[in-house]
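The block underneath contains the structure these notes are about, expressed in structure tokens.
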Amino acid sequence: KLVTTIKTHINIPTIDGLPKSDLIPNGYFNILFTSEGRIGALTLYKIVEHMNQYPKKYKDINIISITAGVAQVRSIINKFRNVKKTYYERLPLSEFYSVVKSVDMVLSPGEIGDLDYMIPKEMQQNWLDSKSCVKYTLAGAASIPCIVSADMREYRQAVKQGETGFIASSLEEWIKYIDLLHEDKELRERIGKEARRDMEENYHVSKRALEMLEVINGKPKIKVKDQKRVWLPPIAGGPRTFHDTLEKYLPIVSSEKMVVTGVLDKSVESAIVV
């Protein structure tokens, strides 16, 4: 089969047309953590635990968690009483975009250990490397600074350290970058502005739409062997052959052309989100 990888995109006109959210409390420095389940919760726990030890320094902090597994996240961090927290399980997409526009900072953590409940530890790096940089694109489109995990390949490739965001590789770095953005409004505005410029130049939905048309009307750029094995998480059926993966899980445009909207492991150079 012939496949083409297409980077993630962001619908900037949609975000620009939305108001800020009434769900975000005034008078706080609002930090958004959003995840599908518990990915990033281990790092979030360490961050909130640190903040809890210094209530005066972080008295204006509000951690906003919007996750599919909000009950799990709440059970992990709710014991830290010195830090304000707000939880939402799911929101309509337009409201979620409005929330992103209304916060002061976005966090996208993720590390080995986050997925112990569903994936063997030796396979977790592949999973983390398969994640897209969507949190960075959401924040950037809204001109909001973002701190991302160095354990995720797509973030390492997308974010320019200290220019369009921060990449953290340890708890000390997470705290360092949070403190920098918390204390320096001009820095937040500068990084938010540069991230927005990056979105307009490299991630705009119109750019991706043209790429998809080129794929459908032209020839895919990457050829891989049918029997290439890839890692799929248990929720998608476990390890399968590449051919089975394409046939069963990915949309077929024609017998010889495919637009891949799933995520494959790095061995086939296919960290893919359309």
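Chain labels run A, B, ... following the order of the structure tokens; each chain numbers its residues from 1, and ligands are numbered from 1 in the order shown.
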Exercise: stretch 9-19 of chain A partners within 7 Å, only C-alpha atoms, chain neighbours under 3 positions left out, as an MDAnalysis selection string: chainID A and resid 97:98 137:138 141 203:205 208 274
query: Which residues, written as a PyMOL selection string, have at least one atom at most 10 Å from A:Ile175, with only C-alpha atoms counted and residues fewer than 5 positions away on the same chain left out?
result: chain A and resi 46-48+50-51+168+170+180
query: Looking at only C-alpha atoms, which of A:Tyr45, A:Tyr136, A:Phe166, A:Phe96 is the one that sits closest to A:Glu111?
result: A:Tyr45
- request: Extract, using only C-alpha atoms, all DNA, RNA and protein residues at most 10 Å from A:Pro25, discarding same-chain residues fewer than 6 positions from it, and format them as an NGL selection string.
  value: :A and (62 or 86 or 102-103)
- request: Considering only C-alpha atoms, return as number ranges by chain whatever protein or nucleic-acid residues lie within 10 Å of A:Tyr117, sequence-local ones (same chain, fewer than 4 positions apart) excluded.
  value: A: 38, 113, 121
task: Write down as a ChimeraX atom specification the residues of stretch 30-165 of chain A whose backbone DSSP state falls under alpha helix (DSSP H).
output: /A:41-52,70-77,93-102,124-130,134-141,153-158
task: Would you return as number ranges by chain the members of stretch 136-200 of chain A that DSSP assigns to strand (DSSP E) on this structure's backbone?
output: A: 146-149, 166-168
